[in-house]
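Q: This structure is in C-alpha cells; I'll ask about it shortly.
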Amino acid sequence: MGQGLSVGIDDSSNQCLCKVDIKPWLFSKRRGFKSLEAYSSKIDIYWDLSSAKFGSGPEPLGGYYVGVVVDRQMLLLLGDMRKEAFKKTSASPVPSNAVCVAKREHVFGKRGFTTKAQFSNNGQLHDLVIECDTLGVNDPCLLVRVDSKPVMQVKRLRWKFRGNHTILVDGLAVEVFWDVHNWLFGTSPGNAVFMFKTCLSAEKLWASQPLSDPSALQWSFSQRFSDSKSQGLGFSLILHAWKNE
C-alpha cells in the first residue's frame, strides 16, 4: 500500500482542532497543500514527497519536506528540502527550530521487535530491540537491548507483566514502562505497549514510582505521552508491539 502521513493540530488541553490525512502513494497527492483555520489563524500544510526515499522504517530518509505555516510563518518544517519548502510557501522562518518530543510506532515480530531510537535531539541513533518469547515457555522473560547490548531483563514476567525500570543511554536516564498483559493473558490477539521516556535530571531516576493502578496502564501511557509533550519533560517513544503468530 505504501506510506501515509497524518498531520494533527491539538489545543493546550490535547483536544484535536484539525487533522489532515495525506496518502502520497496516490500520484495526485504526492505533493500539495491544504488550508485550515483555528483560533482565528490561517494554517497551511504543505508537502512534497514526490522524490522521497524510504528505507525499512516508516519515515522518509530524504528527498521530501512537510511544512506547517501559521500566519505566513514556518512553525514546523520536516525533511531535507528546506530551500524548496521556503520557495514554495513564501513563508518566513521562526527564530527557533522545532524539537521532537514524542513518537509513537507499531512494530511486528514473533519474539523480537526492532526499531531505531534517538533519545536526544542531536543524539546518536540507536538500534532498539525488545525480545520476549511467550509460546510454550513456562516462565517467559523480557529482554531489552540497545545496540545489541542487554540493558534490561525482567524475569517472572507472569507476575511482573506491568512495570517500569530505568536504564542509562548516552548518559541519559531513560525510564522504560511495559505492559505485556495481552501477550500473556489475552483471549484474542493484542499488542503489548512499551514506553521509553528520557528523564532530564538525576532526581527523576530516584523519583520514579510504580504505577498505582496497573489496570489503567494503557490510559496512563497516553496520559504520560500527553504530559511529556505539554510539560517539555524530555522525549517519549511509545511502541505498540504486535506478535506475528
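Residue names in the C-alpha cells use chain letters A, B, ... in the order shown, residue numbers from 1 in each chain, and ligand numbers from 1 in the order shown.
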What's around A:Val144 at 7 Å? Count only C-alpha atoms, leave out sequence neighbours fewer than 6 positions away in its own chain, and write the answer as a ChimeraX atom specification.
A: /A:129-131,150-153
Q: Which parts of stretch 2-240 of chain A does DSSP call strand (DSSP E) when run on the backbone here, written out as a PyMOL selection string?
A: chain A and resi 5-10+16-22+31-38+41-48+53-54+60-62+65-70+73-79+92-93+102-109+112-117+126-132+142-146+149-154+162-169+172-179+191-199+236-240
Q: Just give me the gap between atom CA of A:Gln118 and atom CA of A:Met195 in Å, one decimal is fine.
A: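 Atom-to-atom, atom CA of A:Gln118 to atom CA of A:Met195, that is 13.4 Å.
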Q: From the options A:Leu17, A:Trp47, A:Ser6, A:Phe194, which residue's atoms come nearest to A:Val107, counting only C-alpha atoms?
A: A:Phe194
Q: Write out as a PyMOL selection string each polymer residue whose atoms come within 9 Å of stretch 86-90 of chain A, counting only C-alpha atoms; drop sequence neighbours fewer than 6 positions from it.
A: chain A and resi 44+46+67+69+72-74
Q: Output N, CA and C atoms of each residue in that selection to a file, as a tab-separated table (two decimals), in the first residue's frame.
A:
```tsv
chain	number	residue	atom	x	y	z
A	44	ASP	N	-1.62	26.64	6.97
A	44	ASP	CA	-1.38	25.99	5.67
A	44	ASP	C	-0.41	24.84	5.86
A	46	TYR	N	1.87	22.19	3.81
A	46	TYR	CA	2.47	21.91	2.51
A	46	TYR	C	3.27	20.62	2.60
A	67	GLY	N	5.73	20.98	5.67
A	67	GLY	CA	5.78	22.26	6.37
A	67	GLY	C	4.43	22.70	6.87
A	69	VAL	N	2.62	26.14	8.08
A	69	VAL	CA	2.75	27.60	8.06
A	69	VAL	C	1.54	28.21	8.76
A	72	ARG	N	1.71	32.90	7.80
A	72	ARG	CA	2.86	33.13	6.93
A	72	ARG	C	4.20	32.93	7.63
A	73	GLN	N	4.20	32.23	8.76
A	73	GLN	CA	5.44	31.86	9.43
A	73	GLN	C	5.58	30.34	9.43
A	74	MET	N	6.77	29.84	9.07
A	74	MET	CA	7.03	28.41	9.03
A	74	MET	C	7.30	27.92	10.46
```
Q: Within 9 Å of A:Val169, counting only C-alpha atoms, which residues qualify if same-chain residues fewer than 5 places away don't, as a VMD selection string?
A: chain A and resid 119 146 151 174
Q: Of the residues A:Leu172, A:Ala85, A:Leu5, A:Ala52, which is the one nearest to A:Gly234, using only C-alpha atoms?
A: A:Leu172
Q: Compile the contact shell of A:Val20 as JSON, numbers by chain: residues with an atom at most 10 Å away, counting only C-alpha atoms, same-chain residues fewer than 4 positions apart removed.
A: {"A": [5, 6, 7, 8, 9, 34, 35, 36, 45]}
Q: Could you tell me which of A:Leu135, A:Cys16, A:Val70, A:Ala192 comes closest to A:His106 if we count only C-alpha atoms?
A: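 The closest residue to A:His106 is A:Ala192.
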Q: Output as a list in words all residues of stretch 72-211 of chain A that backbone DSSP marks as helix (DSSP H, G or I).
A: Arg82, Lys83, Glu84, Ala85, Phe86, Lys87, Lys88, Thr89, His181, Asn182, Trp183, Leu184, Phe185, Ala202, Glu203, Lys204, Leu205, Trp206 and Ala207 of chain A
Q: Kindly indicate which residue among A:Val137, A:Ala117, A:Ala241, A:Leu125 lies nearest to A:Val180, using only C-alpha atoms for the distances.
A: A:Ala241
Q: As an exercise, work out the distance from atom CA of A:Trp178 to atom CA of A:Glu59 in Å and give it to one decimal place.
A: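 Separation of atom CA of A:Trp178 and atom CA of A:Glu59: 24.3 Å.
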